[in-house]
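Note sheet for the following structure.
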Amino acid sequence: MILVTGGAGFIGSNFVLDWLRQSTEGVVNVDKLTYAGNLQNLASLQDDPLHVFSRSDICDRATIDRLLQEHKPRAIVHFAAESHVDRSILGPEEFVRTNIIGTFTLLEAARAYWQGLDAAAKATFRFLHVSTDEVYGSLGMKDPAFTESHPYQPNSPYSASKASSDHLVRSYFHTYGLPVLTTNCSNNYGPFQFPEKLIPLIIANALAGKPLPVYGDGLNVRDWLYVSDHCSAIRRVLEAGRLGETYNVGGNSEKPNIEIVRQVCGLLDDLRPDAGGPRERLITYVKDRPGHDRRYAIDAGRIGSELGWQPAETFESGIRRTVAWYLDNQDWVAAVQSGAYREWLERNYSNRAPGSLN
Ligand code: NAD
Ligand code: TYD
């Protein structure tokens with residue numbers, strides 16, 4: 001078995017679904033089910049005996065210890081985190097708790113468990129920490145892309161908490177010999193992404209005829225990776241990554257935000273024309289995010305040359321699949337747009353002129 005944390009969230013649920021499609025090895029899925037965790041993502045696994053779900057907090061050491069003893073996983077794949085930059089700006093405490101204390105708690109539990117394994121199991125055990133390119137900070141437009149040796153310069157409470165967790169993971173390798181691996185990936189998109197992040201928010205708002213909020217001048221650049229490509233990279237690193245190493249994962253798809261928004265509008269106009277006209281009319285420039293990183297870009301050379309990993313999707317194919325998924329799964333979107341979701345829209349967008357977007 002493997003133990004996955006955060007497997008009811010966006011990337012975690014895609015990872016668990018992909019894993020069980022390709023493997024007969026079971027998954028213990030440990031997730032607290034915060035606003036971002038959703039068991040509907042895993043509905044197709046309801047009768048699958050290879051999927052064991054535990055609603056638990058990674059900060060709860062006793063429960064993590066019990067789960068490790070009960071299921072004896074050969075690896076931990078750690079996704080659980082608070083993951084949204086804007087939320088970290090309006091309320092950083094939960095980010096420190098889950099991303100730092102939670103990762104620390106998991107590392108301590110993993111260390112105790114690993115030390116108790118027999119020699120053979122000890123040698124093959126892995127702790128894979130899923131992290132982000134945001135720990136490296138912001139690039140200028142002409143700077144080379146982030147390599148694994150780029151200095152850490154996090155600029156938001158989210159990226160600072162992830163950077164902190166990366167350092168803890170690293171230290172457990174150098175200090176205790178815990179067999180860790182870390183991946184630092186660029187922006188993901190695809191099915192089951194909560195509509196607070198750029199792409200699903202734009203799709204949901206465009207379908208509802210609401211304003212499409214673009215922060216600042218819309219020229220901030222991100223590298224975009226289709227989620228199943230991130231999952232295949234994690235499987236590959238788990239299988240063959242060098243212990244203690246970090247691997248940057250990216251999609252070779254750098255795009256300014258405004259281009260993403262326009263592309264999504266164009267796809268929706270093709271697939272679901274709107275009587276009101278082209279959806280670009282809904283684009284609304286709003287007040288920028290404080291400390292907004294200008295550009296992220298990933299040099300994925302190491303994972304390519306050492307492990308032979310490449311993304312399968314281009315941005316064009318991935319975004320088409322994503323828009324189609326959201327059109328086919330509007331019930332899913334409606335279900336996650338609860339009272340708590342509306343409250344978030346009010347908090348995040350009400351003070352960004354011109355006007356409330358919910
Ligand atoms: P998400 O917010 O969609 O999901 C996070 C999941 O973790 C949720 O299911 C939530 O219920 C769970 N969780 C939160 N706090 C928990 C706790 N204390 N105990 C147990 N479970 C808890 O996030 P995501 O976008 O799927 O990101 C997953 C991981 O990948 C994160 O570590 C994130 O930093 C990293 N990452 C994300 C991206 C991206 O573009 N989304 C890119 C690179 C790396
Ligand atoms: P986001 O999806 O929040 O990911 P991250 O901040 O982790 O990169 O945002 C992606 C980009 O889109 C980022 O530059 C901020 C911008 N953005 C908007 O312009 N409008 C929005 O409403 C949101 C949520 C993000």
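Following the order of the structure tokens, first chain is A, next is B, and so on, with residues numbered from 1 inside each chain and ligands from 1 in the order they appear.
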Per residue of range 125-185 of chain A within 9 Å of range 245-248 of chain A, note the shortest atom pair and the distance in Å to one decimal, counting only C-alpha atoms, and order the rows by chain and increasing residue number, as a tab-separated table.
residue	atom	partner	partner_atom	distance
A:Thr132	CA	A:Asn248	CA	8.5
A:Asp133	CA	A:Asn248	CA	7.4
A:Phe146	CA	A:Asn248	CA	8.0
A:Thr147	CA	A:Asn248	CA	6.9
A:Glu148	CA	A:Asn248	CA	6.2
A:Arg170	CA	A:Glu245	CA	8.5
A:Val180	CA	A:Glu245	CA	7.6
A:Leu181	CA	A:Glu245	CA	5.6
A:Thr182	CA	A:Thr246	CA	4.6
A:Thr183	CA	A:Tyr247	CA	4.8
A:Asn184	CA	A:Asn248	CA	4.7
A:Cys185	CA	A:Asn248	CA	5.8
Would you give me, as a PDB file with all heavy atoms, in the first residue's frame, the residues in range 5-85 of chain A that DSSP reads as alpha helix (DSSP H)?
ATOM      1  N   PHE A  10      -7.624  18.662  -5.240  1.00  0.00           N
ATOM      2  CA  PHE A  10      -7.532  18.686  -6.703  1.00  0.00           C
ATOM      3  C   PHE A  10      -6.474  17.698  -7.226  1.00  0.00           C
ATOM      4  O   PHE A  10      -6.793  16.702  -7.897  1.00  0.00           O
ATOM      5  CB  PHE A  10      -7.227  20.135  -7.133  1.00  0.00           C
ATOM      6  CG  PHE A  10      -6.701  20.302  -8.522  1.00  0.00           C
ATOM      7  CD1 PHE A  10      -7.296  19.663  -9.609  1.00  0.00           C
ATOM      8  CD2 PHE A  10      -5.596  21.126  -8.760  1.00  0.00           C
ATOM      9  CE1 PHE A  10      -6.800  19.834 -10.902  1.00  0.00           C
ATOM     10  CE2 PHE A  10      -5.090  21.297 -10.043  1.00  0.00           C
ATOM     11  CZ  PHE A  10      -5.683  20.642 -11.115  1.00  0.00           C
ATOM     12  N   ILE A  11      -5.202  17.932  -6.912  1.00  0.00           N
ATOM     13  CA  ILE A  11      -4.155  17.074  -7.489  1.00  0.00           C
ATOM     14  C   ILE A  11      -4.183  15.699  -6.834  1.00  0.00           C
ATOM     15  O   ILE A  11      -4.051  14.669  -7.513  1.00  0.00           O
ATOM     16  CB  ILE A  11      -2.756  17.721  -7.349  1.00  0.00           C
ATOM     17  CG1 ILE A  11      -2.760  19.139  -7.941  1.00  0.00           C
ATOM     18  CG2 ILE A  11      -1.698  16.865  -8.047  1.00  0.00           C
ATOM     19  CD1 ILE A  11      -1.492  19.932  -7.690  1.00  0.00           C
ATOM     20  N   GLY A  12      -4.390  15.680  -5.507  1.00  0.00           N
ATOM     21  CA  GLY A  12      -4.407  14.396  -4.794  1.00  0.00           C
ATOM     22  C   GLY A  12      -5.464  13.444  -5.329  1.00  0.00           C
ATOM     23  O   GLY A  12      -5.203  12.247  -5.510  1.00  0.00           O
ATOM     24  N   SER A  13      -6.662  13.952  -5.603  1.00  0.00           N
ATOM     25  CA  SER A  13      -7.715  13.036  -6.094  1.00  0.00           C
ATOM     26  C   SER A  13      -7.397  12.564  -7.513  1.00  0.00           C
ATOM     27  O   SER A  13      -7.612  11.392  -7.844  1.00  0.00           O
ATOM     28  CB  SER A  13      -9.105  13.672  -6.008  1.00  0.00           C
ATOM     29  OG  SER A  13      -9.189  14.810  -6.809  1.00  0.00           O
ATOM     30  N   ASN A  14      -6.848  13.440  -8.340  1.00  0.00           N
ATOM     31  CA  ASN A  14      -6.414  12.997  -9.675  1.00  0.00           C
ATOM     32  C   ASN A  14      -5.331  11.927  -9.548  1.00  0.00           C
ATOM     33  O   ASN A  14      -5.321  10.942 -10.289  1.00  0.00           O
ATOM     34  CB  ASN A  14      -5.882  14.183 -10.489  1.00  0.00           C
ATOM     35  CG  ASN A  14      -6.997  14.954 -11.181  1.00  0.00           C
ATOM     36  OD1 ASN A  14      -7.517  14.510 -12.205  1.00  0.00           O
ATOM     37  ND2 ASN A  14      -7.391  16.086 -10.616  1.00  0.00           N
ATOM     38  N   PHE A  15      -4.431  12.125  -8.574  1.00  0.00           N
ATOM     39  CA  PHE A  15      -3.346  11.153  -8.386  1.00  0.00           C
ATOM     40  C   PHE A  15      -3.895   9.791  -7.957  1.00  0.00           C
ATOM     41  O   PHE A  15      -3.507   8.751  -8.497  1.00  0.00           O
ATOM     42  CB  PHE A  15      -2.358  11.680  -7.325  1.00  0.00           C
ATOM     43  CG  PHE A  15      -1.215  10.739  -7.072  1.00  0.00           C
ATOM     44  CD1 PHE A  15      -0.094  10.741  -7.893  1.00  0.00           C
ATOM     45  CD2 PHE A  15      -1.262   9.827  -6.022  1.00  0.00           C
ATOM     46  CE1 PHE A  15       0.960   9.859  -7.676  1.00  0.00           C
ATOM     47  CE2 PHE A  15      -0.216   8.941  -5.795  1.00  0.00           C
ATOM     48  CZ  PHE A  15       0.898   8.961  -6.623  1.00  0.00           C
ATOM     49  N   VAL A  16      -4.820   9.804  -6.994  1.00  0.00           N
ATOM     50  CA  VAL A  16      -5.388   8.539  -6.489  1.00  0.00           C
ATOM     51  C   VAL A  16      -6.159   7.827  -7.612  1.00  0.00           C
ATOM     52  O   VAL A  16      -6.014   6.613  -7.818  1.00  0.00           O
ATOM     53  CB  VAL A  16      -6.303   8.812  -5.271  1.00  0.00           C
ATOM     54  CG1 VAL A  16      -7.091   7.571  -4.879  1.00  0.00           C
ATOM     55  CG2 VAL A  16      -5.471   9.311  -4.089  1.00  0.00           C
ATOM     56  N   LEU A  17      -6.948   8.587  -8.368  1.00  0.00           N
ATOM     57  CA  LEU A  17      -7.724   7.976  -9.472  1.00  0.00           C
ATOM     58  C   LEU A  17      -6.781   7.383 -10.523  1.00  0.00           C
ATOM     59  O   LEU A  17      -6.965   6.245 -10.969  1.00  0.00           O
ATOM     60  CB  LEU A  17      -8.656   9.014 -10.106  1.00  0.00           C
ATOM     61  CG  LEU A  17      -9.815   9.481  -9.211  1.00  0.00           C
ATOM     62  CD1 LEU A  17     -10.470  10.735  -9.789  1.00  0.00           C
ATOM     63  CD2 LEU A  17     -10.861   8.381  -9.026  1.00  0.00           C
ATOM     64  N   ASP A  18      -5.760   8.140 -10.898  1.00  0.00           N
ATOM     65  CA  ASP A  18      -4.796   7.646 -11.900  1.00  0.00           C
ATOM     66  C   ASP A  18      -4.051   6.422 -11.380  1.00  0.00           C
ATOM     67  O   ASP A  18      -3.820   5.459 -12.100  1.00  0.00           O
ATOM     68  CB  ASP A  18      -3.759   8.727 -12.251  1.00  0.00           C
ATOM     69  CG  ASP A  18      -4.337   9.814 -13.155  1.00  0.00           C
ATOM     70  OD1 ASP A  18      -5.542   9.752 -13.473  1.00  0.00           O
ATOM     71  OD2 ASP A  18      -3.572  10.734 -13.531  1.00  0.00           O
ATOM     72  N   TRP A  19      -3.667   6.477 -10.102  1.00  0.00           N
ATOM     73  CA  TRP A  19      -2.905   5.387  -9.498  1.00  0.00           C
ATOM     74  C   TRP A  19      -3.705   4.087  -9.567  1.00  0.00           C
ATOM     75  O   TRP A  19      -3.204   3.046  -9.986  1.00  0.00           O
ATOM     76  CB  TRP A  19      -2.583   5.731  -8.038  1.00  0.00           C
ATOM     77  CG  TRP A  19      -1.785   4.689  -7.327  1.00  0.00           C
ATOM     78  CD1 TRP A  19      -2.268   3.590  -6.661  1.00  0.00           C
ATOM     79  CD2 TRP A  19      -0.354   4.632  -7.212  1.00  0.00           C
ATOM     80  NE1 TRP A  19      -1.236   2.869  -6.142  1.00  0.00           N
ATOM     81  CE2 TRP A  19      -0.052   3.477  -6.468  1.00  0.00           C
ATOM     82  CE3 TRP A  19       0.694   5.448  -7.659  1.00  0.00           C
ATOM     83  CZ2 TRP A  19       1.265   3.110  -6.153  1.00  0.00           C
ATOM     84  CZ3 TRP A  19       1.994   5.085  -7.353  1.00  0.00           C
ATOM     85  CH2 TRP A  19       2.270   3.937  -6.613  1.00  0.00           C
ATOM     86  N   LEU A  20      -4.963   4.163  -9.153  1.00  0.00           N
ATOM     87  CA  LEU A  20      -5.778   2.937  -9.081  1.00  0.00           C
ATOM     88  C   LEU A  20      -6.225   2.467 -10.472  1.00  0.00           C
ATOM     89  O   LEU A  20      -6.637   1.323 -10.623  1.00  0.00           O
ATOM     90  CB  LEU A  20      -6.966   3.146  -8.140  1.00  0.00           C
ATOM     91  CG  LEU A  20      -6.533   3.261  -6.664  1.00  0.00           C
ATOM     92  CD1 LEU A  20      -7.704   3.646  -5.775  1.00  0.00           C
ATOM     93  CD2 LEU A  20      -5.887   1.970  -6.160  1.00  0.00           C
ATOM     94  N   ARG A  21      -6.111   3.328 -11.463  1.00  0.00           N
ATOM     95  CA  ARG A  21      -6.364   2.909 -12.843  1.00  0.00           C
ATOM     96  C   ARG A  21      -5.202   2.071 -13.363  1.00  0.00           C
ATOM     97  O   ARG A  21      -5.358   1.268 -14.258  1.00  0.00           O
ATOM     98  CB  ARG A  21      -6.516   4.159 -13.736  1.00  0.00           C
ATOM     99  CG  ARG A  21      -7.909   4.290 -14.320  1.00  0.00           C
ATOM    100  CD  ARG A  21      -8.004   5.564 -15.150  1.00  0.00           C
ATOM    101  NE  ARG A  21      -8.918   6.490 -14.524  1.00  0.00           N
ATOM    102  CZ  ARG A  21      -8.685   7.771 -14.276  1.00  0.00           C
ATOM    103  NH1 ARG A  21      -7.513   8.319 -14.592  1.00  0.00           N
ATOM    104  NH2 ARG A  21      -9.596   8.518 -13.712  1.00  0.00           N
ATOM    105  N   GLN A  22      -4.011   2.292 -12.796  1.00  0.00           N
ATOM    106  CA  GLN A  22      -2.808   1.687 -13.380  1.00  0.00           C
ATOM    107  C   GLN A  22      -2.156   0.651 -12.497  1.00  0.00           C
ATOM    108  O   GLN A  22      -1.163   0.055 -12.877  1.00  0.00           O
ATOM    109  CB  GLN A  22      -1.753   2.765 -13.620  1.00  0.00           C
ATOM    110  CG  GLN A  22      -2.317   3.974 -14.262  1.00  0.00           C
ATOM    111  CD  GLN A  22      -1.251   4.922 -14.730  1.00  0.00           C
ATOM    112  OE1 GLN A  22      -0.083   4.690 -14.550  1.00  0.00           O
ATOM    113  NE2 GLN A  22      -1.675   5.998 -15.361  1.00  0.00           N
ATOM    114  N   ARG A  61      -0.868  13.591  15.367  1.00  0.00           N
ATOM    115  CA  ARG A  61       0.209  12.595  15.363  1.00  0.00           C
ATOM    116  C   ARG A  61      -0.292  11.187  15.714  1.00  0.00           C
ATOM    117  O   ARG A  61       0.098  10.194  15.081  1.00  0.00           O
ATOM    118  CB  ARG A  61       1.307  13.053  16.341  1.00  0.00           C
ATOM    119  CG  ARG A  61       2.426  12.061  16.578  1.00  0.00           C
ATOM    120  CD  ARG A  61       3.332  11.915  15.366  1.00  0.00           C
ATOM    121  NE  ARG A  61       4.185  10.759  15.514  1.00  0.00           N
ATOM    122  CZ  ARG A  61       5.388  10.756  16.079  1.00  0.00           C
ATOM    123  NH1 ARG A  61       5.896  11.879  16.537  1.00  0.00           N
ATOM    124  NH2 ARG A  61       6.094   9.645  16.175  1.00  0.00           N
ATOM    125  N   ALA A  62      -1.160  11.098  16.727  1.00  0.00           N
ATOM    126  CA  ALA A  62      -1.610   9.769  17.178  1.00  0.00           C
ATOM    127  C   ALA A  62      -2.342   9.048  16.047  1.00  0.00           C
ATOM    128  O   ALA A  62      -2.138   7.847  15.821  1.00  0.00           O
ATOM    129  CB  ALA A  62      -2.506   9.918  18.407  1.00  0.00           C
ATOM    130  N   THR A  63      -3.175   9.786  15.319  1.00  0.00           N
ATOM    131  CA  THR A  63      -3.920   9.156  14.224  1.00  0.00           C
ATOM    132  C   THR A  63      -2.985   8.739  13.088  1.00  0.00           C
ATOM    133  O   THR A  63      -3.126   7.650  12.525  1.00  0.00           O
ATOM    134  CB  THR A  63      -5.013  10.121  13.707  1.00  0.00           C
ATOM    135  OG1 THR A  63      -5.889  10.399  14.786  1.00  0.00           O
ATOM    136  CG2 THR A  63      -5.792   9.528  12.557  1.00  0.00           C
ATOM    137  N   ILE A  64      -2.029   9.575  12.772  1.00  0.00           N
ATOM    138  CA  ILE A  64      -1.074   9.224  11.697  1.00  0.00           C
ATOM    139  C   ILE A  64      -0.273   7.989  12.118  1.00  0.00           C
ATOM    140  O   ILE A  64      -0.092   7.044  11.332  1.00  0.00           O
ATOM    141  CB  ILE A  64      -0.124  10.412  11.370  1.00  0.00           C
ATOM    142  CG1 ILE A  64      -0.920  11.654  10.934  1.00  0.00           C
ATOM    143  CG2 ILE A  64       0.892  10.010  10.286  1.00  0.00           C
ATOM    144  CD1 ILE A  64      -1.741  11.518   9.673  1.00  0.00           C
ATOM    145  N   ASP A  65       0.175   7.954  13.360  1.00  0.00           N
ATOM    146  CA  ASP A  65       0.904   6.769  13.861  1.00  0.00           C
ATOM    147  C   ASP A  65       0.046   5.515  13.697  1.00  0.00           C
ATOM    148  O   ASP A  65       0.516   4.480  13.237  1.00  0.00           O
ATOM    149  CB  ASP A  65       1.237   6.942  15.350  1.00  0.00           C
ATOM    150  CG  ASP A  65       2.413   7.886  15.570  1.00  0.00           C
ATOM    151  OD1 ASP A  65       3.135   8.176  14.603  1.00  0.00           O
ATOM    152  OD2 ASP A  65       2.593   8.335  16.728  1.00  0.00           O
ATOM    153  N   ARG A  66      -1.213   5.632  14.091  1.00  0.00           N
ATOM    154  CA  ARG A  66      -2.108   4.467  14.027  1.00  0.00           C
ATOM    155  C   ARG A  66      -2.294   4.007  12.583  1.00  0.00           C
ATOM    156  O   ARG A  66      -2.216   2.808  12.287  1.00  0.00           O
ATOM    157  CB  ARG A  66      -3.469   4.827  14.664  1.00  0.00           C
ATOM    158  CG  ARG A  66      -4.458   3.679  14.688  1.00  0.00           C
ATOM    159  CD  ARG A  66      -5.785   4.055  15.332  1.00  0.00           C
ATOM    160  NE  ARG A  66      -6.464   5.210  14.745  1.00  0.00           N
ATOM    161  CZ  ARG A  66      -7.050   5.226  13.554  1.00  0.00           C
ATOM    162  NH1 ARG A  66      -7.047   4.152  12.782  1.00  0.00           N
ATOM    163  NH2 ARG A  66      -7.638   6.324  13.105  1.00  0.00           N
ATOM    164  N   LEU A  67      -2.497   4.960  11.686  1.00  0.00           N
ATOM    165  CA  LEU A  67      -2.710   4.597  10.271  1.00  0.00           C
ATOM    166  C   LEU A  67      -1.463   3.920   9.683  1.00  0.00           C
ATOM    167  O   LEU A  67      -1.568   2.956   8.911  1.00  0.00           O
ATOM    168  CB  LEU A  67      -3.080   5.833   9.452  1.00  0.00           C
ATOM    169  CG  LEU A  67      -4.480   6.405   9.724  1.00  0.00           C
ATOM    170  CD1 LEU A  67      -4.628   7.802   9.111  1.00  0.00           C
ATOM    171  CD2 LEU A  67      -5.564   5.465   9.167  1.00  0.00           C
ATOM    172  N   LEU A  68      -0.306   4.407  10.061  1.00  0.00           N
ATOM    173  CA  LEU A  68       0.938   3.803   9.542  1.00  0.00           C
ATOM    174  C   LEU A  68       1.084   2.373  10.058  1.00  0.00           C
ATOM    175  O   LEU A  68       1.410   1.462   9.297  1.00  0.00           O
ATOM    176  CB  LEU A  68       2.150   4.656   9.948  1.00  0.00           C
ATOM    177  CG  LEU A  68       2.270   6.009   9.242  1.00  0.00           C
ATOM    178  CD1 LEU A  68       3.390   6.856   9.853  1.00  0.00           C
ATOM    179  CD2 LEU A  68       2.529   5.818   7.743  1.00  0.00           C
ATOM    180  N   GLN A  69       0.815   2.172  11.342  1.00  0.00           N
ATOM    181  CA  GLN A  69       0.936   0.824  11.918  1.00  0.00           C
ATOM    182  C   GLN A  69      -0.093  -0.126  11.328  1.00  0.00           C
ATOM    183  O   GLN A  69       0.187  -1.293  11.061  1.00  0.00           O
ATOM    184  CB  GLN A  69       0.794   0.872  13.447  1.00  0.00           C
ATOM    185  CG  GLN A  69       2.015   1.426  14.168  1.00  0.00           C
ATOM    186  CD  GLN A  69       3.331   0.784  13.701  1.00  0.00           C
ATOM    187  OE1 GLN A  69       3.398  -0.414  13.399  1.00  0.00           O
ATOM    188  NE2 GLN A  69       4.389   1.589  13.615  1.00  0.00           N
ATOM    189  N   GLU A  70      -1.294   0.400  11.108  1.00  0.00           N
ATOM    190  CA  GLU A  70      -2.393  -0.443  10.616  1.00  0.00           C
ATOM    191  C   GLU A  70      -2.169  -0.863   9.166  1.00  0.00           C
ATOM    192  O   GLU A  70      -2.392  -2.015   8.809  1.00  0.00           O
ATOM    193  CB  GLU A  70      -3.676   0.387  10.722  1.00  0.00           C
ATOM    194  CG  GLU A  70      -4.955  -0.416  10.798  1.00  0.00           C
ATOM    195  CD  GLU A  70      -6.125   0.551  11.035  1.00  0.00           C
ATOM    196  OE1 GLU A  70      -6.035   1.386  11.981  1.00  0.00           O
ATOM    197  OE2 GLU A  70      -7.101   0.485  10.269  1.00  0.00           O
ATOM    198  N   HIS A  71      -1.701   0.062   8.327  1.00  0.00           N
ATOM    199  CA  HIS A  71      -1.643  -0.226   6.883  1.00  0.00           C
ATOM    200  C   HIS A  71      -0.234  -0.501   6.362  1.00  0.00           C
ATOM    201  O   HIS A  71      -0.080  -0.951   5.230  1.00  0.00           O
ATOM    202  CB  HIS A  71      -2.276   0.932   6.104  1.00  0.00           C
ATOM    203  CG  HIS A  71      -3.719   1.140   6.436  1.00  0.00           C
ATOM    204  ND1 HIS A  71      -4.709   0.286   5.996  1.00  0.00           N
ATOM    205  CD2 HIS A  71      -4.334   2.068   7.207  1.00  0.00           C
ATOM    206  CE1 HIS A  71      -5.885   0.699   6.461  1.00  0.00           C
ATOM    207  NE2 HIS A  71      -5.680   1.782   7.197  1.00  0.00           N
ATOM    208  N   VAL A  85      -2.886  31.101  -2.725  1.00  0.00           N
ATOM    209  CA  VAL A  85      -2.125  32.298  -2.347  1.00  0.00           C
ATOM    210  C   VAL A  85      -3.037  33.390  -1.769  1.00  0.00           C
ATOM    211  O   VAL A  85      -2.739  33.978  -0.719  1.00  0.00           O
ATOM    212  CB  VAL A  85      -1.356  32.853  -3.577  1.00  0.00           C
ATOM    213  CG1 VAL A  85      -0.687  34.183  -3.245  1.00  0.00           C
ATOM    214  CG2 VAL A  85      -0.324  31.839  -4.064  1.00  0.00           C
TER     215      VAL A  85
END
Identify all residues of range 30-250 of chain A in strand (DSSP E) (DSSP on the backbone) and supply them as a ChimeraX atom specification.
/A:30-31,51-55,75-78,126-132,180-185,187-189,212-215,221-226,246-249
As an exercise, work out the distance from atom 16 (C, counted along the ligand's line) of ligand 1 to CA of Ala81 in chain A in Å and give it to one decimal place.
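Spanning atom 16 (C, counted along the ligand's line) of ligand 1 to CA of Ala81 in chain A is a straight-line distance of 5.4 Å.
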Compute the set of protein, DNA and RNA residues whose minimum atom distance to ligand 1 is at most 8 Å, using only C-alpha atoms and all ligand atoms, and state it as a PyMOL selection string.
chain A and resi 5-13+30-38+55-59+78-84+97-99+102+129-134+162+184-189+193-194
For ligand 2, which residue out of A:Pro92, A:Pro273, A:Gly218, A:Gly339 is the nearest one, using only C-alpha atoms and all ligand atoms?
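Smallest distance to ligand 2 is found for A:Gly218.
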Neighbourhood of ligand 2 at 7 Å, counting only C-alpha atoms and all ligand atoms, reported as a list in words:
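Every residue with an atom at most 7 Å from ligand 2 is listed here: His84, Val85, Asp86, Asn187, Glu196, Lys197, Leu198, Ile199, Leu201, Pro213, Val214, Tyr215, Gly218, Asn220, Val221, Arg222, Asn257, His292 and Asp293 of chain A.
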Selected residue, from A:Arg235, A:Pro151, A:Pro200, A:Ala208, that lies nearest to Leu282 in chain A when counting only C-alpha atoms
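Ranking A:Arg235, A:Pro151, A:Pro200, A:Ala208 by distance to Leu282 in chain A, first place goes to A:Ala208.
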Using only C-alpha atoms, the residue out of A:Arg289, A:Arg352, A:Arg302, A:Arg281 with shortest distance to Arg87 in chain A is A:Arg289
Interatomic distance between CA of Ser159 in chain A and CA of Ala233 in chain A?
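Between CA of Ser159 in chain A and CA of Ala233 in chain A the gap works out to 21.0 Å.
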I need the residue nearest Ala110 in chain A from this list: A:Trp344, A:Tyr226, A:Tyr172, A:Phe95. Use only C-alpha atoms for the distance.
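Smallest separation from Ala110 in chain A among the options: A:Tyr172.
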What's the separation between CA of Glu316 in chain A and CA of Ala204 in chain A, in Å to one decimal place?
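If I compute the distance from CA of Glu316 in chain A to CA of Ala204 in chain A, I get 19.2 Å.
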Contacts of Thr314 in chain A at 12 Å or less, counting only C-alpha atoms, minus same-chain residues fewer than 5 places along, as a list in words?
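Surrounding residues, per the criterion: Tyr189, Asp223, Trp224, Leu225, Tyr226, Val227, Ser228, Asp229, Gly250, Gly251, Asn252, Ser253, Glu254, Ile319, Arg320 and Arg321 of chain A.
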Could those residues be written to a file, using C-alpha atoms, as a JSON list (two decimals), in the first residue's frame?
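Result file out-v8.json:
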[["chain", "number", "residue", "atom", "x", "y", "z"],
["A", 189, "TYR", "CA", -5.04, 22.78, -14.17],
["A", 223, "ASP", "CA", 3.95, 27.89, -16.43],
["A", 224, "TRP", "CA", 0.96, 25.55, -16.78],
["A", 225, "LEU", "CA", 0.90, 21.75, -16.49],
["A", 226, "TYR", "CA", -2.09, 19.48, -17.04],
["A", 227, "VAL", "CA", -2.76, 17.66, -13.77],
["A", 228, "SER", "CA", -2.37, 14.08, -15.05],
["A", 229, "ASP", "CA", 1.12, 15.02, -16.26],
["A", 250, "GLY", "CA", 6.75, 21.90, -15.55],
["A", 251, "GLY", "CA", 4.80, 21.99, -18.77],
["A", 252, "ASN", "CA", 6.98, 24.16, -21.06],
["A", 253, "SER", "CA", 3.89, 26.38, -21.27],
["A", 254, "GLU", "CA", 4.59, 29.88, -20.05],
["A", 319, "ILE", "CA", -7.11, 23.35, -21.74],
["A", 320, "ARG", "CA", -9.55, 21.92, -24.29],
["A", 321, "ARG", "CA", -9.99, 18.81, -22.11]]
Closest of A:Arg262, A:Lys142, A:Pro179, A:Tyr158 to Ile283 in chain A, counting only C-alpha atoms, is A:Arg262
